[in-house]
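Coordinates from start-v1.txt are shown below (compact mmCIF, C-alpha atoms).
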# COMPACT_ATOMS: atom_id res chain seq x y z
CA MET F 15 -41.04 -58.19 -27.18
CA LYS F 16 -37.70 -59.16 -25.79
CA ILE F 17 -35.92 -56.55 -23.75
CA ASN F 18 -32.18 -56.84 -23.40
CA THR F 19 -31.44 -56.00 -19.81
CA LYS F 20 -28.08 -57.65 -19.29
CA ASN F 21 -25.91 -55.98 -21.90
CA VAL F 22 -26.53 -52.33 -21.08
CA GLU F 23 -23.36 -50.44 -21.98
CA VAL F 24 -22.11 -47.99 -19.39
CA PRO F 25 -21.18 -44.79 -21.21
CA GLU F 26 -17.60 -43.82 -20.46
CA ILE F 27 -16.99 -40.18 -19.74
CA ASP F 28 -13.89 -38.71 -21.33
CA MET F 29 -12.16 -36.95 -18.46
CA THR F 30 -9.20 -35.58 -20.39
CA PRO F 31 -10.62 -32.14 -21.37
CA MET F 32 -11.89 -31.55 -17.83
CA ILE F 33 -8.54 -32.38 -16.32
CA ASP F 34 -6.87 -30.09 -18.86
CA VAL F 35 -9.10 -27.22 -17.83
CA VAL F 36 -8.69 -27.88 -14.12
CA PHE F 37 -4.90 -27.95 -14.43
CA GLN F 38 -5.02 -24.70 -16.35
CA LEU F 39 -7.06 -23.16 -13.53
CA ILE F 40 -4.67 -24.44 -10.87
CA ALA F 41 -1.70 -23.08 -12.78
CA PHE F 42 -3.47 -19.70 -13.09
CA PHE F 43 -4.26 -19.45 -9.40
CA MET F 44 -0.76 -20.59 -8.40
CA VAL F 45 0.81 -17.91 -10.55
CA ILE F 46 -1.36 -15.05 -9.31
CA THR F 47 -1.42 -16.06 -5.64
CA ASN F 48 0.80 -13.80 -3.63
CA PHE F 49 2.60 -16.01 -1.15
CA GLU F 50 4.61 -13.15 0.26
CA GLN F 51 3.43 -12.26 3.71
CA THR F 52 1.98 -8.82 3.19
CA GLN F 53 1.35 -6.66 6.19
CA ALA F 54 -1.46 -4.81 4.52
CA ASP F 55 -4.68 -4.57 6.46
CA GLU F 56 -7.86 -4.71 4.45
CA ARG F 57 -9.66 -2.37 6.85
CA VAL F 58 -7.45 0.49 5.73
CA LYS F 59 -8.74 2.29 2.65
CA LEU F 60 -5.66 4.04 1.34
CA PRO F 61 -5.82 7.35 -0.49
CA LYS F 62 -5.31 7.03 -4.23
CA ASP F 63 -2.67 8.88 -6.20
CA GLN F 64 -1.04 8.83 -9.60
CA LEU F 65 2.46 9.45 -8.34
CA ALA F 66 2.55 6.77 -5.68
CA LYS F 67 5.24 4.43 -6.92
CA PRO F 68 6.57 1.17 -5.48
CA ALA F 69 10.02 1.41 -3.93
CA GLU F 70 12.73 0.97 -6.56
CA VAL F 71 14.96 -0.96 -4.18
CA LYS F 72 13.40 -3.58 -1.95
CA ARG F 73 13.58 -2.38 1.62
CA GLU F 74 15.31 -4.85 3.87
CA ASP F 75 14.07 -3.51 7.16
CA LYS F 76 10.61 -2.11 7.25
CA LEU F 77 7.87 -1.77 9.77
CA THR F 78 4.37 -1.31 8.45
CA LEU F 79 1.92 0.64 10.56
CA ASN F 80 -1.70 0.37 9.45
CA VAL F 81 -3.76 3.27 10.72
CA GLY F 82 -7.48 2.87 10.30
CA PHE F 83 -10.87 2.68 11.91
CA LYS F 84 -13.16 -0.09 13.01
CA ARG F 85 -16.09 0.11 10.65
CA ASP F 86 -19.52 -1.48 10.52
CA ALA F 87 -20.89 -3.39 7.53
CA GLU F 88 -21.95 -0.13 5.87
CA GLY F 89 -18.50 1.38 6.29
CA ASN F 90 -19.37 3.84 9.04
CA LYS F 91 -16.60 4.57 11.50
CA GLN F 92 -17.07 2.80 14.83
CA SER F 93 -13.91 3.88 16.60
CA GLU F 94 -11.24 6.53 16.79
CA ALA F 95 -8.14 6.12 14.59
CA LEU F 96 -6.27 2.98 15.65
CA VAL F 97 -2.95 1.49 14.73
CA LEU F 98 -3.70 -2.05 13.59
CA LEU F 99 -0.47 -3.84 14.46
CA PHE F 100 -0.02 -7.63 14.71
CA GLY F 101 -3.64 -8.20 15.68
CA GLU F 102 -3.65 -5.46 18.30
CA ASP F 103 -5.68 -2.29 17.90
CA ILE F 104 -3.87 0.53 19.66
CA PRO F 105 -4.98 4.18 19.73
CA VAL F 106 -2.44 6.29 17.82
CA LEU F 107 -1.44 8.44 20.77
CA GLN F 108 -0.66 5.34 22.86
CA MET F 109 1.82 3.93 20.34
CA GLY F 110 4.91 5.41 22.03
CA PRO F 111 5.81 2.41 24.25
CA LYS F 112 5.12 -0.06 21.43
CA LEU F 113 7.40 1.82 19.02
CA LYS F 114 10.13 2.05 21.64
CA GLN F 115 9.81 -1.71 22.15
CA GLU F 116 10.10 -2.29 18.39
CA SER F 117 13.16 -0.03 18.30
CA LYS F 118 14.73 -2.05 21.12
CA ILE F 119 14.04 -5.32 19.27
CA TYR F 120 15.75 -3.94 16.14
CA LYS F 121 18.75 -2.90 18.23
CA GLN F 122 18.96 -6.37 19.80
CA LYS F 123 18.98 -7.85 16.30
CA GLY F 124 21.86 -5.54 15.41
CA THR F 125 19.84 -3.22 13.18
CA ASP F 126 19.97 0.50 13.70
CA PRO F 127 16.39 1.85 13.89
CA LYS F 128 17.60 4.73 11.69
CA ASP F 129 17.91 2.24 8.81
CA VAL F 130 14.40 0.90 9.28
CA THR F 131 11.71 2.40 7.08
CA ILE F 132 8.38 3.00 8.75
CA ILE F 133 5.67 2.51 6.14
CA ILE F 134 2.57 4.35 7.20
CA ARG F 135 -0.55 2.90 5.62
CA ALA F 136 -3.15 5.34 6.82
CA ASP F 137 -6.81 5.37 5.88
CA ALA F 138 -7.81 8.31 3.67
CA GLU F 139 -10.03 9.67 6.44
CA VAL F 140 -7.53 9.56 9.30
CA PRO F 141 -6.86 13.07 10.67
CA THR F 142 -3.51 14.31 9.40
CA GLY F 143 -2.60 15.46 12.90
CA LEU F 144 -2.67 11.87 14.12
CA VAL F 145 -0.38 10.73 11.32
CA GLN F 146 2.01 13.50 12.32
CA GLU F 147 1.76 12.46 15.97
CA LEU F 148 2.58 8.89 14.95
CA ILE F 149 5.62 10.10 13.01
CA LYS F 150 6.67 12.13 16.06
CA LEU F 151 6.34 9.10 18.36
CA ALA F 152 8.37 7.04 15.89
CA GLN F 153 11.04 9.76 15.81
CA GLU F 154 11.21 9.63 19.59
CA ALA F 155 11.82 5.87 19.24
CA GLU F 156 14.78 6.74 16.93
CA PHE F 157 13.17 5.90 13.61
CA GLU F 158 14.00 8.37 10.85
CA LYS F 159 12.88 7.00 7.52
CA PHE F 160 9.21 7.26 6.72
CA SER F 161 7.15 6.33 3.76
CA LEU F 162 3.51 7.22 3.21
CA ALA F 163 1.57 4.59 1.32
CA ALA F 164 -1.11 5.23 -1.28
CA THR F 165 -2.89 3.14 -3.87
CA GLN F 166 -1.66 3.62 -7.41
CA ILE F 167 -4.14 4.90 -9.94
CA SER F 168 -3.56 5.13 -13.64
CA ASP F 169 -5.55 7.09 -16.15
CA MET X 18 3.23 -74.34 -16.31
CA LYS X 19 0.92 -71.96 -18.01
CA PHE X 20 2.40 -68.95 -19.77
CA ARG X 21 0.41 -65.90 -20.44
CA ARG X 22 0.30 -65.11 -24.05
CA LYS X 23 0.66 -61.63 -25.49
CA GLY X 24 -2.96 -61.20 -26.36
CA GLU X 25 -4.04 -61.90 -22.80
CA GLN X 26 -2.02 -59.09 -21.15
CA ALA X 27 -4.16 -57.41 -18.50
CA LYS X 28 -4.98 -53.84 -19.33
CA ILE X 29 -3.85 -51.50 -16.56
CA GLU X 30 -6.51 -48.95 -15.92
CA SER X 31 -5.36 -45.76 -14.33
CA GLN X 32 -7.47 -44.68 -11.40
CA MET X 33 -8.54 -41.15 -12.17
CA ALA X 34 -10.84 -40.59 -9.21
CA PRO X 35 -8.14 -39.91 -6.53
CA MET X 36 -6.25 -37.62 -8.86
CA ILE X 37 -9.36 -35.62 -9.62
CA ASP X 38 -10.09 -35.41 -5.89
CA VAL X 39 -6.66 -33.98 -5.16
CA VAL X 40 -6.79 -31.63 -8.11
CA PHE X 41 -10.14 -30.22 -6.99
CA GLN X 42 -8.84 -29.82 -3.46
CA LEU X 43 -5.91 -27.83 -4.82
CA LEU X 44 -8.19 -25.75 -6.99
CA ILE X 45 -10.48 -24.90 -4.08
CA PHE X 46 -7.47 -24.03 -1.89
CA PHE X 47 -6.11 -21.58 -4.44
CA ILE X 48 -9.51 -20.04 -5.10
CA LEU X 49 -10.13 -19.46 -1.39
CA THR X 50 -6.68 -18.10 -0.61
CA LEU X 51 -6.70 -15.69 -3.52
CA LYS X 52 -6.57 -12.09 -2.38
CA ILE X 53 -6.82 -9.38 -4.94
CA ILE X 54 -4.43 -6.66 -3.84
CA GLU X 55 -4.43 -3.28 -5.50
CA PRO X 56 -0.96 -2.08 -6.48
CA GLU X 57 0.47 0.20 -3.84
CA GLY X 58 3.13 2.82 -3.93
CA ASP X 59 4.53 5.28 -1.49
CA PHE X 60 6.09 8.68 -0.96
CA ASN X 61 9.36 8.84 0.92
CA VAL X 62 9.80 11.48 3.56
CA ASN X 63 12.93 11.75 5.64
CA LEU X 64 12.27 13.34 8.97
CA PRO X 65 15.30 13.02 11.25
CA ILE X 66 14.52 14.33 14.70
CA SER X 67 18.01 15.26 15.74
CA ALA X 68 18.96 17.30 12.68
CA PRO X 69 19.14 20.94 13.69
CA ALA X 70 16.88 23.19 11.67
CA GLN X 71 18.98 25.06 9.19
CA ALA X 72 18.57 28.80 9.40
CA GLU X 73 16.60 30.28 6.55
CA THR X 74 19.40 32.76 5.86
CA ASP X 75 21.97 29.98 5.29
CA ARG X 76 20.08 28.63 2.36
CA PRO X 77 20.07 30.13 -1.12
CA LEU X 78 16.34 29.64 -1.52
CA PRO X 79 13.63 29.78 1.15
CA ASP X 80 11.20 26.96 1.87
CA ILE X 81 7.92 26.80 0.04
CA LYS X 82 5.10 26.88 2.52
CA VAL X 83 1.85 25.15 1.71
CA ARG X 84 -1.01 25.53 4.16
CA LEU X 85 -3.96 23.15 4.11
CA ILE X 86 -6.95 24.49 6.01
CA ALA X 87 -9.66 22.02 6.98
CA ASN X 88 -13.39 22.39 7.35
CA ASP X 89 -15.07 21.07 10.47
CA ASP X 90 -15.81 17.76 8.73
CA GLY X 91 -12.14 17.21 7.86
CA ASN X 92 -12.43 18.08 4.18
CA LEU X 93 -10.22 20.70 2.57
CA GLY X 94 -11.49 24.23 3.13
CA GLN X 95 -8.65 26.15 1.53
CA LEU X 96 -5.26 25.43 0.01
CA VAL X 97 -2.79 28.26 0.46
CA LEU X 98 0.62 28.59 -1.19
CA GLY X 99 2.63 31.18 0.69
CA ARG X 100 -0.09 33.82 1.03
CA ARG X 101 -1.95 32.97 -2.13
CA LYS X 102 -5.25 31.14 -1.84
CA LEU X 103 -5.58 28.37 -4.41
CA GLY X 104 -9.10 27.19 -3.57
CA THR X 105 -10.33 23.69 -2.89
CA GLY X 106 -10.77 20.44 -4.75
CA ASP X 107 -8.62 18.83 -7.39
CA GLN X 108 -8.23 22.10 -9.31
CA ALA X 109 -6.44 23.65 -6.34
CA PHE X 110 -3.88 20.85 -6.33
CA GLU X 111 -3.40 21.18 -10.10
CA LEU X 112 -2.82 24.89 -9.61
CA LEU X 113 -0.35 24.15 -6.81
CA ASN X 114 1.45 21.75 -9.13
CA ARG X 115 1.73 24.47 -11.81
CA GLU X 116 2.88 27.10 -9.32
CA ILE X 117 5.57 24.78 -7.98
CA LEU X 118 6.80 24.25 -11.55
CA LYS X 119 6.93 28.04 -12.03
CA MET X 120 8.98 28.38 -8.85
CA ILE X 121 11.56 25.77 -9.79
CA GLY X 122 11.78 26.95 -13.42
CA ARG X 123 12.13 23.54 -14.99
CA PRO X 124 11.94 19.97 -13.71
CA GLY X 125 15.25 18.68 -12.38
CA ASN X 126 16.73 22.18 -11.99
CA PRO X 127 19.91 21.58 -9.90
CA LEU X 128 19.57 24.99 -8.25
CA THR X 129 16.35 23.91 -6.63
CA LYS X 130 17.78 20.68 -5.22
CA ASP X 131 17.86 22.11 -1.71
CA ILE X 132 14.39 23.62 -1.74
CA GLU X 133 12.03 22.09 0.77
CA VAL X 134 8.29 22.20 0.85
CA GLU X 135 6.73 22.56 4.26
CA LEU X 136 3.22 21.23 4.49
CA ASP X 137 1.26 22.81 7.29
CA ALA X 138 -2.08 21.07 7.70
CA ASP X 139 -4.88 21.43 10.19
CA TYR X 140 -5.05 18.62 12.72
CA ASN X 141 -8.41 17.24 11.59
CA LEU X 142 -7.72 17.40 7.84
CA HIS X 143 -8.26 14.05 6.17
CA TYR X 144 -5.00 12.32 5.31
CA ARG X 145 -5.97 12.01 1.63
CA TYR X 146 -5.38 15.76 1.16
CA ILE X 147 -1.87 15.54 2.55
CA VAL X 148 -1.13 12.80 0.04
CA LYS X 149 -2.53 15.00 -2.73
CA GLY X 150 -0.43 17.89 -1.47
CA ILE X 151 2.75 15.79 -1.42
CA SER X 152 1.92 14.50 -4.87
CA ALA X 153 1.38 18.02 -6.27
CA CYS X 154 4.74 19.15 -4.89
CA THR X 155 6.82 16.12 -5.83
CA GLY X 156 6.04 16.18 -9.53
CA ARG X 157 3.63 15.17 -12.21
CA LEU X 158 2.99 12.19 -14.42
CA ASP X 159 3.96 12.75 -18.03
CA PRO X 160 0.84 11.79 -20.01
CA ARG X 161 2.87 10.57 -22.98
CA THR X 162 5.68 8.61 -21.38
CA LYS X 163 3.74 7.74 -18.17
CA LYS X 164 6.93 8.55 -16.25
CA ILE X 165 7.15 10.80 -13.24
CA VAL X 166 8.63 14.24 -13.86
CA PRO X 167 10.15 15.18 -10.50
CA TYR X 168 9.78 18.70 -9.09
CA ILE X 169 10.72 18.85 -5.41
CA GLU X 170 11.86 15.82 -3.47
CA LYS X 171 12.24 17.26 -0.01
CA ILE X 172 8.99 17.38 1.85
CA LYS X 173 8.57 18.15 5.51
CA PHE X 174 5.69 18.72 7.87
CA ALA X 175 5.07 21.65 10.13
CA PRO X 176 4.45 20.64 13.75
CA PRO X 177 0.87 19.44 14.29
CA HIS X 178 -1.63 21.96 15.68
CA ARG X 179 -3.18 19.82 18.35
CA PRO X 180 -6.63 21.12 19.36
CA GLU X 181 -6.85 22.50 22.88

The structure in this file should be written as structure tokens.
Amino acid sequence: MKINTKNVEVPEIDMTPMIDVVFQLIAFFMVITNFEQTQADERVKLPKDQLAKPAEVKREDKLTLNVGFKRDAEGNKQSEALVLLFGEDIPVLQMGPKLKQESKIYKQKGTDPKDVTIIIRADAEVPTGLVQELIKLAQEAEFEKFSLAATQISD
Amino acid sequence: MKFRRKGEQAKIESQMAPMIDVVFQLLIFFILTLKIIEPEGDFNVNLPISAPAQAETDRPLPDIKVRLIANDDGNLGQLVLGRRKLGTGDQAFELLNREILKMIGRPGNPLTKDIEVELDADYNLHYRYIVKGISACTGRLDPRTKKIVPYIEKIKFAPPHRPE
């Protein structure tokens, strides 16, 4: 029997549908990717509430303070309540100098600290007293506008 | 000289491999950088430090005082409106919401524009209860229109009771 070895046809794969799908996926991910630099910290588990609504007017000057805990893999608290700010973990009661420094920076930039909104993103389990202490320290650094963040729930 | 005839035109084959490489790189980049963020909102509270406390007698209506008493573990032990105990749990906050509505008469009542709610919480109370308290005082969500019906906008905190 004669076997034809030379003229084996290489099957051509039609790439068009795959490329279509891949472009669709890229377009999807590009649209839903949030490029805005958010200052949210994933370690903070915010309380949930129905009435928490996003600000109607976009705040020009805002300073986000994430208050949370260091937790282990199972979610158990491993530290006291800390302010997680720009990669630093500072105990809440030691935030005074840092807030005064921030206030000074705003003043140097020509912004009145009174016009800056402090957004407090506190973990649901943070003691309320510490949140109040943080607000007090911010008030001493001349900040006046505060906003307490929560995750929106809808039912 | 030899001219190339029409039939002999070389077929230009597009190189798909580099394009597919780049496209997959892009796809992987977007997949890895994707962060699913839950929608967030916030409650505004204005707490100027220098504003002198207005005397109770100067105001037509007194402040509403809400006390949140904590258990040792930081959970809510008792919710108190004025001197009335409202209990614990979500029902207590629903009751608070209804009582606030009774006090203001109707949502958006201009006479109650100046009323303030003072939240007085124990130091170790978990922050989630303060958010629930603020939420119960500021209004409710209309189940039909899904819009917020505002009750009281001015919320303030009593000074913290730092443990000795």

12 Å contact set for Lys91 (chain F), only C-alpha atoms, chain neighbours under 5 positions out, as a PyMOL selection string: chain F and resi 57-58+82-86+96+137+139-140

Counting all atoms listed in the file, chain X residues within 9 Å of chain F, as a PyMOL selection string: chain X and resi 33+37+40-41+43-45+47-48+50-67+91+138-149+152-153+155-158+160+163+165+174-179

Selected residues written out, C-alpha atoms, as a PDB file, keeping the file's coordinate frame:
ATOM      1  CA  MET X  33      -8.540 -41.150 -12.170  1.00  0.00           C
ATOM      2  CA  ILE X  37      -9.360 -35.620  -9.620  1.00  0.00           C
ATOM      3  CA  VAL X  40      -6.790 -31.630  -8.110  1.00  0.00           C
ATOM      4  CA  PHE X  41     -10.140 -30.220  -6.990  1.00  0.00           C
ATOM      5  CA  LEU X  43      -5.910 -27.830  -4.820  1.00  0.00           C
ATOM      6  CA  LEU X  44      -8.190 -25.750  -6.990  1.00  0.00           C
ATOM      7  CA  ILE X  45     -10.480 -24.900  -4.080  1.00  0.00           C
ATOM      8  CA  PHE X  47      -6.110 -21.580  -4.440  1.00  0.00           C
ATOM      9  CA  ILE X  48      -9.510 -20.040  -5.100  1.00  0.00           C
ATOM     10  CA  THR X  50      -6.680 -18.100  -0.610  1.00  0.00           C
ATOM     11  CA  LEU X  51      -6.700 -15.690  -3.520  1.00  0.00           C
ATOM     12  CA  LYS X  52      -6.570 -12.090  -2.380  1.00  0.00           C
ATOM     13  CA  ILE X  53      -6.820  -9.380  -4.940  1.00  0.00           C
ATOM     14  CA  ILE X  54      -4.430  -6.660  -3.840  1.00  0.00           C
ATOM     15  CA  GLU X  55      -4.430  -3.280  -5.500  1.00  0.00           C
ATOM     16  CA  PRO X  56      -0.960  -2.080  -6.480  1.00  0.00           C
ATOM     17  CA  GLU X  57       0.470   0.200  -3.840  1.00  0.00           C
ATOM     18  CA  GLY X  58       3.130   2.820  -3.930  1.00  0.00           C
ATOM     19  CA  ASP X  59       4.530   5.280  -1.490  1.00  0.00           C
ATOM     20  CA  PHE X  60       6.090   8.680  -0.960  1.00  0.00           C
ATOM     21  CA  ASN X  61       9.360   8.840   0.920  1.00  0.00           C
ATOM     22  CA  VAL X  62       9.800  11.480   3.560  1.00  0.00           C
ATOM     23  CA  ASN X  63      12.930  11.750   5.640  1.00  0.00           C
ATOM     24  CA  LEU X  64      12.270  13.340   8.970  1.00  0.00           C
ATOM     25  CA  PRO X  65      15.300  13.020  11.250  1.00  0.00           C
ATOM     26  CA  ILE X  66      14.520  14.330  14.700  1.00  0.00           C
ATOM     27  CA  SER X  67      18.010  15.260  15.740  1.00  0.00           C
ATOM     28  CA  GLY X  91     -12.140  17.210   7.860  1.00  0.00           C
ATOM     29  CA  ALA X 138      -2.080  21.070   7.700  1.00  0.00           C
ATOM     30  CA  ASP X 139      -4.880  21.430  10.190  1.00  0.00           C
ATOM     31  CA  TYR X 140      -5.050  18.620  12.720  1.00  0.00           C
ATOM     32  CA  ASN X 141      -8.410  17.240  11.590  1.00  0.00           C
ATOM     33  CA  LEU X 142      -7.720  17.400   7.840  1.00  0.00           C
ATOM     34  CA  HIS X 143      -8.260  14.050   6.170  1.00  0.00           C
ATOM     35  CA  TYR X 144      -5.000  12.320   5.310  1.00  0.00           C
ATOM     36  CA  ARG X 145      -5.970  12.010   1.630  1.00  0.00           C
ATOM     37  CA  TYR X 146      -5.380  15.760   1.160  1.00  0.00           C
ATOM     38  CA  ILE X 147      -1.870  15.540   2.550  1.00  0.00           C
ATOM     39  CA  VAL X 148      -1.130  12.800   0.040  1.00  0.00           C
ATOM     40  CA  LYS X 149      -2.530  15.000  -2.730  1.00  0.00           C
ATOM     41  CA  SER X 152       1.920  14.500  -4.870  1.00  0.00           C
ATOM     42  CA  ALA X 153       1.380  18.020  -6.270  1.00  0.00           C
ATOM     43  CA  THR X 155       6.820  16.120  -5.830  1.00  0.00           C
ATOM     44  CA  GLY X 156       6.040  16.180  -9.530  1.00  0.00           C
ATOM     45  CA  ARG X 157       3.630  15.170 -12.210  1.00  0.00           C
ATOM     46  CA  LEU X 158       2.990  12.190 -14.420  1.00  0.00           C
ATOM     47  CA  PRO X 160       0.840  11.790 -20.010  1.00  0.00           C
ATOM     48  CA  LYS X 163       3.740   7.740 -18.170  1.00  0.00           C
ATOM     49  CA  ILE X 165       7.150  10.800 -13.240  1.00  0.00           C
ATOM     50  CA  PHE X 174       5.690  18.720   7.870  1.00  0.00           C
ATOM     51  CA  ALA X 175       5.070  21.650  10.130  1.00  0.00           C
ATOM     52  CA  PRO X 176       4.450  20.640  13.750  1.00  0.00           C
ATOM     53  CA  PRO X 177       0.870  19.440  14.290  1.00  0.00           C
ATOM     54  CA  HIS X 178      -1.630  21.960  15.680  1.00  0.00           C
ATOM     55  CA  ARG X 179      -3.180  19.820  18.350  1.00  0.00           C
TER      56      ARG X 179
END

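Among the candidates X:Thr105, X:Gln32, X:Thr129, X:Gln42, the residue lying nearest to Asp80 (chain X) is X:Thr129 (atoms considered: all atoms listed in the file).
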
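Between CA of Ile121 (chain X) and CA of Glu70 (chain F) the separation is 25.0 Å.
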
Atom pair CA of Ile29 (chain X) / CA of Asp28 (chain F): separation (Å): 16.9 Å

Straight-line distance linking CA of Leu96 (chain X) with CA of Val83 (chain X), stated in Å to one decimal: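 Distance reported for this atom pair: 7.3 Å.
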
Polymer residues at most 6 Å from (-1.6, -1.3, 12.7) by all atoms listed in the file, as JSON, numbers by chain: {"F": [79, 80, 81, 97, 98, 99]}

Residue among X:Pro167, X:Gly125, X:Pro180, X:Gly150 lying closest to Gln108 (chain X), counting all atoms listed in the file: X:Gly150

Could you add N, CA and C atoms to region 86-109 of chain F and give me the result as a PDB file, keeping the file's coordinate frame?
ATOM      1  N   ASP F  86     -18.425  -0.505  10.569  1.00  0.00           N
ATOM      2  CA  ASP F  86     -19.520  -1.480  10.520  1.00  0.00           C
ATOM      3  C   ASP F  86     -19.688  -1.956   9.068  1.00  0.00           C
ATOM      4  N   ALA F  87     -20.702  -2.791   8.863  1.00  0.00           N
ATOM      5  CA  ALA F  87     -20.890  -3.390   7.530  1.00  0.00           C
ATOM      6  C   ALA F  87     -21.122  -2.329   6.457  1.00  0.00           C
ATOM      7  N   GLU F  88     -21.694  -1.190   6.859  1.00  0.00           N
ATOM      8  CA  GLU F  88     -21.950  -0.130   5.870  1.00  0.00           C
ATOM      9  C   GLU F  88     -20.762   0.811   5.694  1.00  0.00           C
ATOM     10  N   GLY F  89     -19.701   0.555   6.441  1.00  0.00           N
ATOM     11  CA  GLY F  89     -18.500   1.380   6.290  1.00  0.00           C
ATOM     12  C   GLY F  89     -18.452   2.595   7.191  1.00  0.00           C
ATOM     13  N   ASN F  90     -19.396   2.691   8.122  1.00  0.00           N
ATOM     14  CA  ASN F  90     -19.370   3.840   9.040  1.00  0.00           C
ATOM     15  C   ASN F  90     -18.323   3.602  10.127  1.00  0.00           C
ATOM     16  N   LYS F  91     -17.666   4.684  10.495  1.00  0.00           N
ATOM     17  CA  LYS F  91     -16.600   4.570  11.500  1.00  0.00           C
ATOM     18  C   LYS F  91     -17.193   4.217  12.859  1.00  0.00           C
ATOM     19  N   GLN F  92     -16.587   3.246  13.518  1.00  0.00           N
ATOM     20  CA  GLN F  92     -17.070   2.800  14.830  1.00  0.00           C
ATOM     21  C   GLN F  92     -16.056   3.057  15.934  1.00  0.00           C
ATOM     22  N   SER F  93     -14.937   3.643  15.581  1.00  0.00           N
ATOM     23  CA  SER F  93     -13.910   3.880  16.600  1.00  0.00           C
ATOM     24  C   SER F  93     -13.080   5.088  16.204  1.00  0.00           C
ATOM     25  N   GLU F  94     -12.221   5.497  17.130  1.00  0.00           N
ATOM     26  CA  GLU F  94     -11.240   6.530  16.790  1.00  0.00           C
ATOM     27  C   GLU F  94     -10.167   5.878  15.907  1.00  0.00           C
ATOM     28  N   ALA F  95      -9.207   6.676  15.436  1.00  0.00           N
ATOM     29  CA  ALA F  95      -8.140   6.120  14.590  1.00  0.00           C
ATOM     30  C   ALA F  95      -7.259   5.198  15.428  1.00  0.00           C
ATOM     31  N   LEU F  96      -7.046   3.983  14.925  1.00  0.00           N
ATOM     32  CA  LEU F  96      -6.270   2.980  15.650  1.00  0.00           C
ATOM     33  C   LEU F  96      -5.112   2.510  14.794  1.00  0.00           C
ATOM     34  N   VAL F  97      -4.038   2.130  15.461  1.00  0.00           N
ATOM     35  CA  VAL F  97      -2.950   1.490  14.730  1.00  0.00           C
ATOM     36  C   VAL F  97      -3.215  -0.009  14.805  1.00  0.00           C
ATOM     37  N   LEU F  98      -3.368  -0.631  13.651  1.00  0.00           N
ATOM     38  CA  LEU F  98      -3.700  -2.050  13.590  1.00  0.00           C
ATOM     39  C   LEU F  98      -2.393  -2.816  13.388  1.00  0.00           C
ATOM     40  N   LEU F  99      -1.818  -3.276  14.490  1.00  0.00           N
ATOM     41  CA  LEU F  99      -0.470  -3.840  14.460  1.00  0.00           C
ATOM     42  C   LEU F  99      -0.480  -5.237  15.063  1.00  0.00           C
ATOM     43  N   PHE F 100      -0.113  -6.221  14.267  1.00  0.00           N
ATOM     44  CA  PHE F 100      -0.020  -7.630  14.710  1.00  0.00           C
ATOM     45  C   PHE F 100      -1.247  -8.060  15.514  1.00  0.00           C
ATOM     46  N   GLY F 101      -2.412  -7.756  15.016  1.00  0.00           N
ATOM     47  CA  GLY F 101      -3.640  -8.200  15.680  1.00  0.00           C
ATOM     48  C   GLY F 101      -4.079  -7.324  16.839  1.00  0.00           C
ATOM     49  N   GLU F 102      -3.253  -6.361  17.208  1.00  0.00           N
ATOM     50  CA  GLU F 102      -3.650  -5.460  18.300  1.00  0.00           C
ATOM     51  C   GLU F 102      -4.179  -4.162  17.702  1.00  0.00           C
ATOM     52  N   ASP F 103      -5.165  -3.586  18.345  1.00  0.00           N
ATOM     53  CA  ASP F 103      -5.680  -2.290  17.900  1.00  0.00           C
ATOM     54  C   ASP F 103      -5.333  -1.266  18.973  1.00  0.00           C
ATOM     55  N   ILE F 104      -4.377  -0.410  18.659  1.00  0.00           N
ATOM     56  CA  ILE F 104      -3.870   0.530  19.660  1.00  0.00           C
ATOM     57  C   ILE F 104      -4.186   1.960  19.217  1.00  0.00           C
ATOM     58  N   PRO F 105      -4.772   2.781  20.099  1.00  0.00           N
ATOM     59  CA  PRO F 105      -4.980   4.180  19.730  1.00  0.00           C
ATOM     60  C   PRO F 105      -3.649   4.853  19.372  1.00  0.00           C
ATOM     61  N   VAL F 106      -3.682   5.720  18.361  1.00  0.00           N
ATOM     62  CA  VAL F 106      -2.440   6.290  17.820  1.00  0.00           C
ATOM     63  C   VAL F 106      -1.582   6.936  18.902  1.00  0.00           C
ATOM     64  N   LEU F 107      -2.212   7.701  19.784  1.00  0.00           N
ATOM     65  CA  LEU F 107      -1.440   8.440  20.770  1.00  0.00           C
ATOM     66  C   LEU F 107      -0.826   7.537  21.848  1.00  0.00           C
ATOM     67  N   GLN F 108      -1.242   6.272  21.880  1.00  0.00           N
ATOM     68  CA  GLN F 108      -0.660   5.340  22.860  1.00  0.00           C
ATOM     69  C   GLN F 108       0.385   4.414  22.225  1.00  0.00           C
ATOM     70  N   MET F 109       0.869   4.790  21.058  1.00  0.00           N
ATOM     71  CA  MET F 109       1.820   3.930  20.340  1.00  0.00           C
ATOM     72  C   MET F 109       3.265   4.105  20.803  1.00  0.00           C
TER      73      MET F 109
END
